[in-house]
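Chemist: So that you have it, the file is final.cif, and it contains mmCIF, C-alpha atoms and all ligand atoms:
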data_entry
#
loop_
_atom_site.label_atom_id
_atom_site.label_comp_id
_atom_site.auth_asym_id
_atom_site.auth_seq_id
_atom_site.Cartn_x
_atom_site.Cartn_y
_atom_site.Cartn_z
CA MET A 30 -21.13 -22.74 -31.21
CA ALA A 31 -18.87 -20.64 -29.00
CA PRO A 32 -17.89 -22.36 -25.76
CA VAL A 33 -19.92 -21.33 -22.71
CA LYS A 34 -18.14 -18.80 -20.54
CA LEU A 35 -18.04 -20.13 -17.00
CA GLU A 36 -18.36 -17.87 -13.99
CA GLY A 37 -17.20 -17.78 -10.37
CA TYR A 38 -16.74 -21.20 -8.80
CA GLU A 39 -17.62 -23.05 -12.01
CA PHE A 40 -14.76 -21.21 -13.70
CA PHE A 41 -12.50 -21.82 -10.70
CA ASN A 42 -13.28 -25.54 -10.37
CA LYS A 43 -13.62 -26.56 -14.01
CA THR A 44 -11.42 -24.23 -16.00
CA LEU A 45 -8.74 -23.55 -13.42
CA ARG A 46 -9.16 -27.10 -12.00
CA ALA A 47 -9.68 -26.05 -8.37
CA PRO A 48 -6.14 -24.77 -7.81
CA LYS A 49 -4.52 -24.35 -4.42
CA THR A 50 -1.30 -22.73 -5.64
CA ILE A 51 -0.81 -19.96 -8.18
CA LEU A 52 2.44 -18.56 -9.55
CA ALA A 53 2.14 -14.76 -9.30
CA PRO A 54 2.47 -12.33 -12.19
CA MET A 55 6.03 -11.00 -12.23
CA VAL A 56 7.46 -8.54 -14.73
CA ASP A 57 10.44 -10.17 -16.47
CA GLN A 58 10.18 -13.21 -14.15
CA SER A 59 6.98 -15.22 -14.72
CA GLU A 60 7.92 -15.85 -18.35
CA LEU A 61 7.19 -19.14 -20.11
CA ALA A 62 10.40 -20.92 -19.03
CA TRP A 63 9.73 -20.05 -15.37
CA ARG A 64 6.11 -21.14 -15.68
CA ILE A 65 7.22 -24.52 -17.05
CA LEU A 66 9.57 -24.99 -14.09
CA SER A 67 6.93 -23.83 -11.60
CA ARG A 68 4.32 -26.23 -12.98
CA ARG A 69 6.79 -29.13 -12.70
CA TYR A 70 7.11 -28.30 -9.01
CA GLY A 71 3.42 -28.00 -8.29
CA ALA A 72 2.11 -24.58 -9.35
CA ASP A 73 -1.51 -25.32 -10.30
CA VAL A 74 -2.09 -22.08 -12.22
CA CYS A 75 0.39 -19.54 -13.60
CA VAL A 76 0.02 -15.85 -14.39
CA THR A 77 2.10 -14.10 -17.05
CA PRO A 78 4.08 -10.96 -16.27
CA MET A 79 2.02 -7.78 -16.45
CA PHE A 80 1.79 -6.49 -20.01
CA HIS A 81 1.05 -2.92 -20.89
CA ALA A 82 -2.34 -3.02 -22.64
CA ARG A 83 -1.73 -0.20 -25.11
CA LEU A 84 1.73 -1.37 -26.15
CA PHE A 85 0.39 -4.90 -26.41
CA SER A 86 -2.58 -3.98 -28.56
CA GLU A 87 -0.57 -1.68 -30.83
CA GLY A 88 2.74 -3.41 -31.22
CA LYS A 89 3.39 -6.79 -32.78
CA LYS A 90 7.06 -6.52 -31.77
CA TYR A 91 6.16 -5.85 -28.12
CA ARG A 92 3.76 -8.80 -28.14
CA GLU A 93 6.28 -11.15 -29.64
CA GLU A 94 9.02 -10.08 -27.30
CA GLN A 95 6.89 -10.20 -24.19
CA PHE A 96 4.44 -13.04 -24.58
CA SER A 97 4.97 -16.66 -25.49
CA THR A 98 3.06 -19.74 -24.47
CA ASN A 99 2.52 -23.34 -25.54
CA LYS A 100 -0.13 -26.05 -25.27
CA GLU A 101 1.06 -27.30 -21.87
CA ASP A 102 1.08 -23.80 -20.42
CA ARG A 103 -2.44 -24.07 -18.93
CA PRO A 104 -4.31 -23.08 -16.86
CA LEU A 105 -2.89 -19.68 -17.71
CA ILE A 106 -3.97 -16.16 -16.78
CA VAL A 107 -2.63 -13.22 -18.78
CA GLN A 108 -2.23 -9.99 -16.86
CA PHE A 109 -2.48 -6.42 -18.16
CA CYS A 110 -2.20 -2.95 -16.73
CA ALA A 111 -4.54 -0.45 -18.32
CA ASN A 112 -6.56 2.67 -17.72
CA ASP A 113 -8.79 2.65 -20.77
CA PRO A 114 -11.59 0.07 -21.17
CA ASP A 115 -11.40 -0.13 -24.97
CA ILE A 116 -7.64 -0.45 -25.05
CA LEU A 117 -7.74 -3.11 -22.37
CA LEU A 118 -10.38 -5.00 -24.35
CA SER A 119 -8.42 -4.83 -27.59
CA ALA A 120 -5.29 -6.16 -25.85
CA ALA A 121 -7.27 -8.88 -24.08
CA LYS A 122 -8.94 -9.98 -27.34
CA LEU A 123 -5.49 -10.80 -28.71
CA VAL A 124 -4.91 -13.44 -26.04
CA GLU A 125 -8.41 -14.76 -25.34
CA ASN A 126 -7.73 -17.95 -27.30
CA ASP A 127 -4.44 -18.61 -25.53
CA CYS A 128 -5.44 -18.32 -21.90
CA ASP A 129 -8.13 -19.15 -19.35
CA ALA A 130 -8.67 -15.65 -17.97
CA VAL A 131 -7.39 -12.11 -18.24
CA ASP A 132 -6.29 -10.33 -15.07
CA LEU A 133 -6.28 -6.60 -14.43
CA ASN A 134 -3.35 -5.34 -12.35
CA LEU A 135 -4.53 -2.89 -9.70
CA GLY A 136 -1.58 -3.60 -7.42
CA CYS A 137 1.57 -2.08 -8.92
CA PRO A 138 2.78 0.59 -6.44
CA GLN A 139 5.87 1.86 -8.24
CA HIS A 140 6.52 5.46 -9.29
CA ILE A 141 6.44 4.27 -12.83
CA ALA A 142 2.83 3.12 -12.38
CA LYS A 143 1.96 6.46 -10.81
CA ARG A 144 3.27 8.31 -13.84
CA GLY A 145 1.64 5.85 -16.18
CA HIS A 146 -1.63 6.05 -14.24
CA TYR A 147 -2.10 2.35 -13.68
CA GLY A 148 -1.80 -0.40 -11.07
CA SER A 149 -2.53 0.66 -7.50
CA PHE A 150 -2.77 4.29 -8.60
CA LEU A 151 -6.24 3.55 -9.96
CA GLN A 152 -7.31 2.43 -6.50
CA ASP A 153 -9.38 5.59 -5.99
CA GLU A 154 -10.96 5.60 -9.46
CA TRP A 155 -13.72 3.13 -8.89
CA GLU A 156 -15.85 4.22 -11.83
CA LEU A 157 -13.01 3.66 -14.26
CA ILE A 158 -12.18 0.28 -12.71
CA ALA A 159 -15.83 -0.80 -12.91
CA LYS A 160 -15.99 0.21 -16.57
CA MET A 161 -12.88 -1.80 -17.47
CA VAL A 162 -14.01 -4.88 -15.58
CA SER A 163 -17.59 -4.84 -16.83
CA LEU A 164 -16.60 -4.30 -20.46
CA LEU A 165 -14.31 -7.32 -20.36
CA HIS A 166 -16.93 -9.32 -18.49
CA LYS A 167 -19.38 -8.63 -21.32
CA GLU A 168 -17.13 -8.78 -24.35
CA LEU A 169 -14.29 -11.18 -23.66
CA ALA A 170 -14.49 -14.90 -24.37
CA VAL A 171 -12.74 -15.70 -21.08
CA PRO A 172 -13.43 -14.42 -17.54
CA ILE A 173 -11.87 -11.26 -16.16
CA THR A 174 -10.06 -11.53 -12.83
CA VAL A 175 -8.48 -8.73 -10.78
CA LYS A 176 -5.50 -8.35 -8.45
CA ILE A 177 -5.64 -5.64 -5.80
CA ARG A 178 -3.80 -4.24 -2.81
CA CYS A 179 -5.59 -3.31 0.42
CA PHE A 180 -6.79 0.00 1.81
CA PRO A 181 -5.78 1.03 5.34
CA THR A 182 -9.15 -0.03 6.74
CA VAL A 183 -10.78 -3.40 6.38
CA GLU A 184 -14.17 -1.76 5.67
CA LYS A 185 -12.89 0.18 2.67
CA THR A 186 -10.99 -2.87 1.41
CA ILE A 187 -14.20 -4.92 1.51
CA GLU A 188 -16.20 -2.18 -0.19
CA TYR A 189 -13.56 -1.99 -2.91
CA ALA A 190 -13.54 -5.77 -3.39
CA LYS A 191 -17.34 -5.86 -3.60
CA MET A 192 -17.35 -3.09 -6.20
CA ILE A 193 -14.95 -5.15 -8.33
CA GLN A 194 -17.06 -8.28 -7.88
CA ASN A 195 -20.23 -6.41 -8.81
CA ALA A 196 -18.54 -5.09 -11.94
CA GLY A 197 -18.09 -8.67 -13.16
CA ALA A 198 -14.74 -10.00 -11.88
CA GLN A 199 -14.82 -13.79 -11.56
CA MET A 200 -11.89 -14.15 -9.15
CA LEU A 201 -10.07 -11.67 -6.95
CA THR A 202 -6.48 -11.84 -5.72
CA VAL A 203 -5.80 -9.79 -2.62
CA HIS A 204 -2.19 -8.82 -1.99
CA GLY A 205 -2.46 -8.08 1.71
CA ARG A 206 -0.32 -4.95 1.66
CA LEU A 207 -1.08 -1.25 1.23
CA ARG A 208 0.03 0.79 -1.76
CA GLU A 209 2.67 2.39 0.47
CA GLN A 210 4.18 -0.97 1.46
CA LYS A 211 7.05 -1.30 -0.98
CA GLY A 212 10.83 -1.27 -0.93
CA HIS A 213 12.12 -0.76 2.62
CA ASN A 214 8.51 -0.37 3.76
CA THR A 215 7.35 -3.73 2.41
CA GLY A 216 6.61 -5.21 5.81
CA ILE A 217 4.15 -8.01 6.43
CA ALA A 218 1.00 -8.70 4.43
CA ASP A 219 -2.22 -8.51 6.44
CA TRP A 220 -3.94 -11.89 6.34
CA ASP A 221 -6.81 -10.59 8.47
CA LYS A 222 -7.87 -8.22 5.71
CA ILE A 223 -7.64 -11.02 3.17
CA LYS A 224 -9.78 -13.22 5.42
CA ALA A 225 -12.38 -10.47 5.75
CA VAL A 226 -12.55 -10.02 1.97
CA LYS A 227 -12.91 -13.77 1.49
CA GLU A 228 -15.83 -13.82 3.93
CA ALA A 229 -17.53 -10.90 2.19
CA LEU A 230 -17.34 -12.07 -1.44
CA SER A 231 -19.10 -14.81 -3.36
CA ILE A 232 -16.45 -15.22 -6.07
CA PRO A 233 -13.21 -17.18 -5.44
CA VAL A 234 -10.60 -15.21 -3.52
CA VAL A 235 -6.84 -15.76 -3.71
CA ALA A 236 -4.44 -14.67 -0.96
CA ASN A 237 -1.06 -13.15 -1.73
CA GLY A 238 1.79 -12.27 0.64
CA ASN A 239 3.99 -13.77 3.39
CA ILE A 240 4.70 -17.15 1.80
CA LEU A 241 8.32 -18.03 2.59
CA TYR A 242 8.11 -21.83 2.91
CA HIS A 243 5.90 -24.57 1.52
CA ASP A 244 3.95 -25.01 4.78
CA ASP A 245 3.01 -21.32 4.74
CA ILE A 246 0.67 -22.15 1.87
CA GLN A 247 -1.51 -24.42 4.01
CA ARG A 248 -1.17 -22.03 6.95
CA CYS A 249 -2.51 -19.22 4.80
CA LEU A 250 -5.37 -21.35 3.42
CA ASP A 251 -6.36 -22.34 6.95
CA TYR A 252 -6.05 -18.88 8.44
CA THR A 253 -7.78 -16.88 5.73
CA GLY A 254 -10.17 -19.51 4.34
CA VAL A 255 -9.27 -18.41 0.78
CA ASP A 256 -9.64 -20.66 -2.24
CA ALA A 257 -5.98 -20.52 -3.33
CA VAL A 258 -2.67 -18.93 -2.48
CA MET A 259 -0.47 -16.95 -4.87
CA THR A 260 3.30 -16.70 -4.45
CA ALA A 261 5.85 -14.42 -6.10
CA GLU A 262 9.16 -13.91 -4.31
CA GLY A 263 8.99 -17.21 -2.43
CA SER A 264 8.97 -19.01 -5.76
CA LEU A 265 11.82 -16.97 -7.20
CA TYR A 266 14.14 -18.11 -4.42
CA ASN A 267 12.74 -21.63 -4.29
CA PRO A 268 10.86 -22.67 -7.43
CA ALA A 269 9.95 -25.92 -5.65
CA ILE A 270 8.04 -24.01 -2.96
CA PHE A 271 4.75 -25.33 -4.38
CA SER A 272 5.80 -28.93 -3.93
CA LYS A 273 5.17 -30.89 -0.75
CA ASP A 274 7.64 -33.58 -1.71
CA HIS A 275 10.69 -31.96 -0.20
CA LYS A 276 11.62 -32.49 3.42
CA PHE A 277 14.51 -30.12 2.82
CA PRO A 278 14.51 -27.43 0.14
CA PRO A 279 16.29 -28.71 -2.99
CA LEU A 280 19.84 -27.89 -4.05
CA ALA A 281 19.79 -24.44 -5.60
CA ILE A 282 22.34 -25.37 -8.24
CA ASP A 283 20.15 -28.26 -9.45
CA LEU A 284 17.17 -25.99 -9.94
CA ALA A 285 19.33 -23.36 -11.63
CA GLN A 286 20.49 -25.99 -14.11
CA GLU A 287 17.00 -27.32 -14.64
CA TYR A 288 15.75 -23.80 -15.38
CA LEU A 289 18.61 -23.18 -17.82
CA ASP A 290 17.81 -26.44 -19.61
CA ILE A 291 14.25 -25.20 -20.14
CA CYS A 292 15.62 -21.91 -21.50
CA LYS A 293 17.63 -23.88 -24.05
CA VAL A 294 14.32 -25.04 -25.53
CA GLU A 295 12.09 -22.01 -24.84
CA LYS A 296 13.76 -18.82 -26.03
CA THR A 297 14.03 -16.54 -22.99
CA ASN A 298 15.27 -12.96 -22.53
CA GLY A 299 18.81 -12.65 -21.19
CA SER A 300 17.59 -10.33 -18.43
CA SER A 301 15.06 -12.88 -17.21
CA ILE A 302 17.66 -15.65 -17.22
CA LYS A 303 20.22 -13.66 -15.30
CA GLY A 304 17.61 -12.40 -12.83
CA HIS A 305 16.41 -15.92 -12.12
CA LEU A 306 19.87 -17.44 -11.73
CA PHE A 307 20.92 -14.76 -9.25
CA LYS A 308 17.76 -15.28 -7.22
CA ILE A 309 17.81 -19.07 -7.17
CA LEU A 310 21.48 -19.01 -6.24
CA HIS A 311 21.35 -16.10 -3.82
CA SER A 312 22.47 -18.14 -0.81
CA THR A 313 25.04 -20.11 -2.82
CA LEU A 314 26.88 -17.29 -4.60
CA PRO A 315 28.24 -15.51 -1.51
CA HIS A 316 30.24 -18.70 -0.86
CA HIS A 317 31.73 -18.66 -4.37
CA THR A 318 32.24 -15.01 -5.15
CA GLU A 319 34.38 -15.61 -8.21
CA MET A 320 31.48 -17.49 -9.79
CA ARG A 321 29.15 -14.67 -8.78
CA ALA A 322 31.34 -12.18 -10.64
CA ARG A 323 31.41 -14.41 -13.71
CA LEU A 324 27.67 -14.88 -13.64
CA GLY A 325 27.25 -11.13 -13.48
CA LYS A 326 29.22 -10.72 -16.70
CA ALA A 327 27.73 -13.69 -18.55
CA HIS A 328 25.76 -13.17 -21.76
CA VAL A 329 23.50 -15.08 -24.06
CA GLY A 330 25.57 -15.86 -27.18
CA LYS A 331 24.89 -13.99 -30.44
CA ASP A 332 23.46 -17.23 -31.83
CA GLY A 333 21.20 -17.53 -28.77
CA SER A 334 23.42 -20.14 -27.12
CA LEU A 335 23.48 -20.40 -23.34
CA ASN A 336 26.89 -22.08 -23.22
CA GLU A 337 28.49 -19.38 -21.11
CA TYR A 338 25.83 -19.75 -18.42
CA ALA A 339 25.93 -23.55 -18.66
CA LYS A 340 29.70 -23.60 -18.15
CA ILE A 341 29.48 -21.37 -15.07
CA LEU A 342 26.74 -23.54 -13.57
CA ASP A 343 28.72 -26.73 -14.23
CA GLU A 344 31.77 -25.30 -12.49
CA LEU A 345 29.69 -23.99 -9.61
CA LYS A 346 28.08 -27.38 -9.20
CA ALA A 347 31.49 -29.04 -8.90
CA LEU A 348 32.46 -26.56 -6.17
CA VAL A 349 29.19 -27.06 -4.29
CA LEU A 350 29.44 -30.85 -4.44
CA LYS A 351 32.96 -30.63 -3.07
CA ASP A 352 31.71 -28.50 -0.15
CA ILE A 353 28.86 -30.90 0.50
CA GLU A 354 31.28 -33.78 0.61
CA GLU A 355 33.77 -32.00 2.86
CA GLN A 356 31.40 -30.15 5.19
CA GLY A 357 28.32 -32.35 5.20
CA GLU A 358 25.02 -31.03 6.44
CA GLY A 359 25.61 -30.20 10.10
CA GLU A 360 23.05 -30.59 12.83
CA ASP A 361 22.73 -26.84 13.10
CA VAL A 362 21.28 -26.52 9.56
CA GLN A 363 18.35 -28.90 9.65
CA GLY A 364 15.67 -26.25 9.25
CA GLN A 365 15.61 -24.91 12.81
CA ALA A 366 13.58 -21.69 12.95
CA ASP A 367 14.90 -18.55 14.66
CA GLU A 368 12.65 -16.20 16.67
CA ASN A 369 11.34 -14.69 13.42
CA GLY A 370 10.53 -18.08 11.91
CA ILE A 371 13.48 -17.97 9.49
CA ARG A 372 14.82 -21.50 9.02
CA LYS A 373 18.44 -22.45 8.91
CA TYR A 374 19.64 -24.62 6.04
CA ALA A 375 23.03 -25.28 4.47
CA TYR A 376 23.98 -22.53 2.03
CA TRP A 377 23.53 -24.79 -1.00
CA ARG A 378 19.82 -25.24 -0.42
CA CYS A 379 17.14 -22.92 -1.84
CA GLN A 380 16.02 -20.46 0.79
CA PRO A 381 13.96 -17.29 0.92
CA TYR A 382 15.36 -13.82 0.58
CA ILE A 383 14.73 -11.89 3.77
CA ARG A 384 14.67 -8.13 3.31
CA PRO A 385 17.08 -6.51 5.72
CA LYS A 386 15.21 -4.56 8.40
CA LEU A 387 15.93 -0.89 8.76
CA PRO A 388 18.43 -0.40 11.55
CA LYS A 389 16.97 1.15 14.66
CA ASP A 390 19.36 4.08 14.59
CA ASN A 391 18.87 7.78 14.30
CA GLY A 392 17.49 7.37 10.81
CA LYS A 393 20.73 8.02 8.98
CA ASN A 394 20.82 4.60 7.41
CA SER A 395 17.15 4.52 6.61
CA GLU A 396 17.59 7.71 4.64
CA LYS A 397 20.43 6.02 2.78
CA VAL A 398 18.34 2.95 1.91
CA LYS A 399 15.45 5.16 0.86
CA GLY A 400 17.77 7.24 -1.28
CA GLN A 401 19.10 4.13 -3.00
CA GLU A 402 15.60 2.88 -3.73
CA GLU A 403 14.53 6.19 -5.13
CA LYS A 404 17.60 6.19 -7.36
CA ILE A 405 16.70 2.76 -8.73
CA ASP A 406 13.11 3.84 -9.34
CA LYS A 407 14.27 7.02 -11.09
CA LYS A 408 16.63 5.00 -13.28
CA ARG A 409 13.82 2.67 -14.26
CA GLU A 410 11.62 5.60 -15.07
CA SER A 411 14.12 7.37 -17.22
CA GLU A 412 14.90 4.20 -19.19
CA ALA A 413 11.22 3.61 -19.82
CA LEU A 414 10.61 7.24 -20.62
CA GLN A 415 13.33 7.25 -23.22
CA GLU A 416 11.63 4.41 -25.06
CA GLU A 417 8.28 6.10 -24.81
CA SER A 418 9.06 9.76 -25.20
CA ASN A 419 7.46 10.24 -28.61
CA LYS A 420 4.34 8.25 -28.10
CA LYS A 421 2.56 9.62 -25.11
CA PRO A 422 -0.49 11.85 -25.43
CA LYS A 423 -1.39 13.58 -22.17
CA GLN A 424 -3.50 11.61 -19.67
CA GLU A 425 -3.16 8.46 -21.71
CA ILE A 426 -1.47 5.55 -20.02
CA SER A 427 2.27 5.77 -20.53
CA GLY A 428 4.37 2.93 -21.85
CA GLU A 429 6.30 2.73 -18.63
CA GLN A 430 6.57 -0.78 -17.41
CA PRO A 431 8.47 -1.45 -14.24
CA LYS A 432 11.67 -3.39 -14.40
CA GLN A 433 11.76 -5.54 -11.32
CA ASP A 434 14.59 -6.25 -9.02
CA THR A 435 14.59 -7.30 -5.42
CA VAL A 436 13.87 -3.85 -4.11
CA ASP A 437 10.20 -3.33 -4.90
CA THR A 438 7.29 -5.67 -5.09
CA ASN A 439 4.46 -4.86 -7.37
C1 LIG A 501 10.12 -9.53 -9.57
C2 LIG A 501 8.69 -9.19 -9.31
C3 LIG A 501 7.86 -8.78 -10.34
C4 LIG A 501 6.52 -8.49 -10.10
N1 LIG A 501 5.70 -8.14 -11.15
C5 LIG A 501 4.35 -8.07 -10.95
C6 LIG A 501 3.45 -7.95 -12.05
O1 LIG A 501 3.84 -7.95 -13.21
N2 LIG A 501 2.12 -7.86 -11.78
C7 LIG A 501 1.63 -7.88 -10.49
O2 LIG A 501 0.41 -7.82 -10.29
N3 LIG A 501 2.47 -8.01 -9.45
C8 LIG A 501 3.80 -8.14 -9.66
N4 LIG A 501 4.65 -8.36 -8.60
C9 LIG A 501 4.06 -8.50 -7.25
C10 LIG A 501 3.77 -9.95 -6.94
O3 LIG A 501 2.87 -10.51 -7.88
C11 LIG A 501 3.18 -10.09 -5.52
O4 LIG A 501 1.96 -9.41 -5.46
C12 LIG A 501 4.10 -9.52 -4.45
O5 LIG A 501 5.45 -9.83 -4.70
C13 LIG A 501 3.71 -10.07 -3.07
O6 LIG A 501 3.75 -11.46 -3.08
P1 LIG A 501 4.95 -12.30 -2.43
O7 LIG A 501 4.95 -11.91 -0.97
O8 LIG A 501 4.60 -13.72 -2.65
O9 LIG A 501 6.22 -11.87 -3.10
C14 LIG A 501 6.00 -8.60 -8.80
C15 LIG A 501 6.85 -8.99 -7.76
C16 LIG A 501 8.17 -9.29 -8.00
C17 LIG A 501 9.03 -9.74 -6.86
#
Using structure tokens, write down the structure from this file.
Ligand SMILES: Cc1cc2nc3c(=O)[nH]c(=O)nc-3n(C[C@H](O)[C@H](O)[C@H](O)COP(=O)(O)O)c2cc1C
Modeler:
Amino acid sequence: MAPVKLEGYEFFNKTLRAPKTILAPMVDQSELAWRILSRRYGADVCVTPMFHARLFSEGKKYREEQFSTNKEDRPLIVQFCANDPDILLSAAKLVENDCDAVDLNLGCPQHIAKRGHYGSFLQDEWELIAKMVSLLHKELAVPITVKIRCFPTVEKTIEYAKMIQNAGAQMLTVHGRLREQKGHNTGIADWDKIKAVKEALSIPVVANGNILYHDDIQRCLDYTGVDAVMTAEGSLYNPAIFSKDHKFPPLAIDLAQEYLDICKVEKTNGSSIKGHLFKILHSTLPHHTEMRARLGKAHVGKDGSLNEYAKILDELKALVLKDIEEQGEGEDVQGQADENGIRKYAYWRCQPYIRPKLPKDNGKNSEKVKGQEEKIDKKRESEALQEESNKKPKQEISGEQPKQDTVDTN
């Protein structure tokens, strides 16, 4: 007999084991190795990177390159972007035995998602969204969950969330930003809107946005009343953010080495490895610029070996330990918060990446930043388009999948 498909809070409490912390879906960055590390440090549930439903359902190579899991990798949610109910279902069917739920991405705000007609660019197509969600609710062996961004008004955001709940979603993640809040416009996530959605729905609601430090998780739970909190960037810069066991954030170099050790066992893309090491070590590398340059040029060996990375990390560790011994951890770096709540720690400790604010000048610089971001987006698009150029019938979802860096959040 097929197992009973649980719904709402039964699904949340029994299948997902009443999580408080969830590792967010991140293209190129919430891969198996990162999920293993995140679970070790307290992530209760993990979400895969967003996969493109059509490429996933059609291409064995794409599937094998993008998705891997193992028995310990649970509870696990697999995320897709899609704009066709049948294609989404056929992709989801391929993973229903390897995960606890399938998530639909309605949050991606990048140009590439606009061209591909997915993510937050479906935000106004409620009929299509309802069709996708209800088909999966009826036909899939595991529950369908959804991740959204907010509308400018709380009323419309609630209406949207209710529509998704009524279509059959069994959990909703609310990223408390608008579609327009990306790149230099990222700004602060709106916890009041998340709170309002939580109060209006009967399914479990997850909050996403503004988690820089471990205690922000409890602050967010208390403020919004949500069932769990999801973190993306905070975890990239401090994978131990989920853990309450650290008075001080851990040594970045230790976590970089621990992650690399996992990658030695779980085959991981070179781009994911490099991306993670740069992020974990972002406050360490400016103090050892030669190592930063070497890390930038490092490669996975032809035989898959990670020796080059391992050697760089060993040497960097020796330099950091020497600094720790010589400089010690002064009284001025004991986690004191500045007026914006940013805490001061010694450079060798994991700490969040704070997006530089636009200078309050005559706009010259802001144009420059904007121009740079647009350039990066265009580059991503053209790379993806090249891969896809022969496959794309009009109005069908394109194969464009955003490559992430620190500029845009999904
Ligand atoms: C590197 C990176 C990749 C991302 N990829 C995805 C993705 O695949 N699917 C998705 O729904 N959101 C994606 N996002 C958005 C995050 O899941 C999250 O909604 C956003 O970063 C806000 O949360 P945060 O404030 O904790 O970073 C990505 C974010 C980052 C930084």
Chemist: Give me the residues near segment 308-316 of chain A as a count of residues only, where near means some atom within 7 Å (using all atoms listed in the file) and where sequence neighbours in that chain fewer than 2 positions away do not count.
Modeler: 15
Chemist: Might I get the box with edges along x, y and z of the file that holds all atoms of ligand LIG 501 (chain A) listed there, padded by 3 Å on every side, given as centre and edge lengths in Å to one decimal, as AutoDock Vina command-line options?
Modeler:
--center_x 5.3 --center_y -10.8 --center_z -7.1 --size_x 15.7 --size_y 11.9 --size_z 18.2
Chemist: Would you pick out the contacts of segment 112-118 of chain A at 7 Å or less, using only C-alpha atoms, so that residues sharing its chain but fewer than 3 positions from it are not included, and give the list as a list in words?
Modeler: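 Neighbouring residues, sequence-local ones excluded: Ala82, Arg83, Ala121, Lys122, His146, Tyr147, Lys160, Met161, Leu164, Leu165 and Ile426 of chain A.
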Chemist: Between chain A and ligand LIG 501 (chain A), at 9 Å or less, what are the per-residue closest atom pairs and their distances in Å? Count only C-alpha atoms and all ligand atoms, order by chain and rising residue number, and return it as a tab-separated table.
Modeler:
residue	atom	partner	partner_atom	distance
A:Leu52	CA	A:LIG501	O3	8.2
A:Ala53	CA	A:LIG501	O3	4.5
A:Pro54	CA	A:LIG501	C6	4.5
A:Met55	CA	A:LIG501	N1	3.1
A:Val56	CA	A:LIG501	O1	4.0
A:Asp57	CA	A:LIG501	C3	6.8
A:Gln58	CA	A:LIG501	C1	5.9
A:Ser59	CA	A:LIG501	C3	7.8
A:Val76	CA	A:LIG501	N2	8.7
A:Thr77	CA	A:LIG501	O1	7.5
A:Pro78	CA	A:LIG501	O1	4.3
A:Met79	CA	A:LIG501	O1	3.7
A:Phe80	CA	A:LIG501	O1	7.3
A:Gln108	CA	A:LIG501	N2	7.0
A:Phe109	CA	A:LIG501	N2	8.0
A:Cys110	CA	A:LIG501	N2	8.2
A:Asp132	CA	A:LIG501	O2	8.6
A:Leu133	CA	A:LIG501	O2	8.0
A:Asn134	CA	A:LIG501	O2	5.0
A:Leu135	CA	A:LIG501	O2	7.0
A:Gly136	CA	A:LIG501	O2	5.5
A:Cys137	CA	A:LIG501	C7	6.0
A:Gly148	CA	A:LIG501	O2	7.8
A:Val175	CA	A:LIG501	O2	8.9
A:Lys176	CA	A:LIG501	O2	6.2
A:Ile177	CA	A:LIG501	O2	7.8
A:Arg178	CA	A:LIG501	O4	8.2
A:Thr202	CA	A:LIG501	O4	8.8
A:Val203	CA	A:LIG501	O4	8.3
A:His204	CA	A:LIG501	O4	5.4
A:Gly205	CA	A:LIG501	C13	8.1
A:Arg206	CA	A:LIG501	C13	8.1
A:Ile217	CA	A:LIG501	O7	8.4
A:Ala218	CA	A:LIG501	O7	7.4
A:Asn237	CA	A:LIG501	O6	5.3
A:Gly238	CA	A:LIG501	O7	3.6
A:Asn239	CA	A:LIG501	O7	4.8
A:Ile240	CA	A:LIG501	O8	5.6
A:Leu241	CA	A:LIG501	O8	7.7
A:Val258	CA	A:LIG501	O8	8.9
A:Met259	CA	A:LIG501	O8	6.4
A:Thr260	CA	A:LIG501	O8	3.7
A:Ala261	CA	A:LIG501	O8	3.7
A:Glu262	CA	A:LIG501	O9	3.8
A:Gly263	CA	A:LIG501	O8	5.6
A:Ser264	CA	A:LIG501	O8	7.5
A:Leu265	CA	A:LIG501	C17	7.8
A:Gly304	CA	A:LIG501	C1	8.7
A:Gln430	CA	A:LIG501	O1	8.7
A:Pro431	CA	A:LIG501	N1	7.9
A:Lys432	CA	A:LIG501	C3	7.7
A:Gln433	CA	A:LIG501	C1	4.7
A:Asp434	CA	A:LIG501	C1	5.6
A:Thr435	CA	A:LIG501	C17	6.2
A:Val436	CA	A:LIG501	C17	8.1
A:Asp437	CA	A:LIG501	C17	6.8
A:Thr438	CA	A:LIG501	C15	4.3
A:Asn439	CA	A:LIG501	C9	3.7
Chemist: Which residue is closest to Glu36 of chain A? Choose from A:Arg103, A:Arg64, A:His166, A:His140 and count only C-alpha atoms.
Modeler: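 Looking only at the distances to Glu36 of chain A, the closest residue turns out to be A:His166.
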Chemist: Go ahead and compute the interatomic distance for atom CA of Leu61 of chain A and atom CA of Val131 of chain A, in Å to one decimal.
Modeler: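 Result for atom CA of Leu61 of chain A versus atom CA of Val131 of chain A: 16.3 Å, one decimal.
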Chemist: In Å, with one decimal, what is the gap from atom CA of Thr50 of chain A to atom CA of Arg68 of chain A?
Modeler: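 Going from atom CA of Thr50 of chain A over to atom CA of Arg68 of chain A, I get 9.9 Å.
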Chemist: Using only C-alpha atoms, which of A:Val124, A:Leu230, A:Ala366, A:Ala111 sits nearest Ala142 of chain A?
Modeler: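 Answer, going by the shortest atom-to-atom distance: A:Ala111.
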Chemist: Select all residues near (17.3, -27.3, 11.1) (cut-off 12 Å, inclusive, file coordinates), counting only C-alpha atoms, and output them as a list in words.
Modeler: Lys276, Phe277, Pro278, Glu358, Gly359, Glu360, Asp361, Val362, Gln363, Gly364, Gln365, Ala366, Asp367, Gly370, Ile371, Arg372, Lys373, Tyr374, Ala375 and Arg378 of chain A
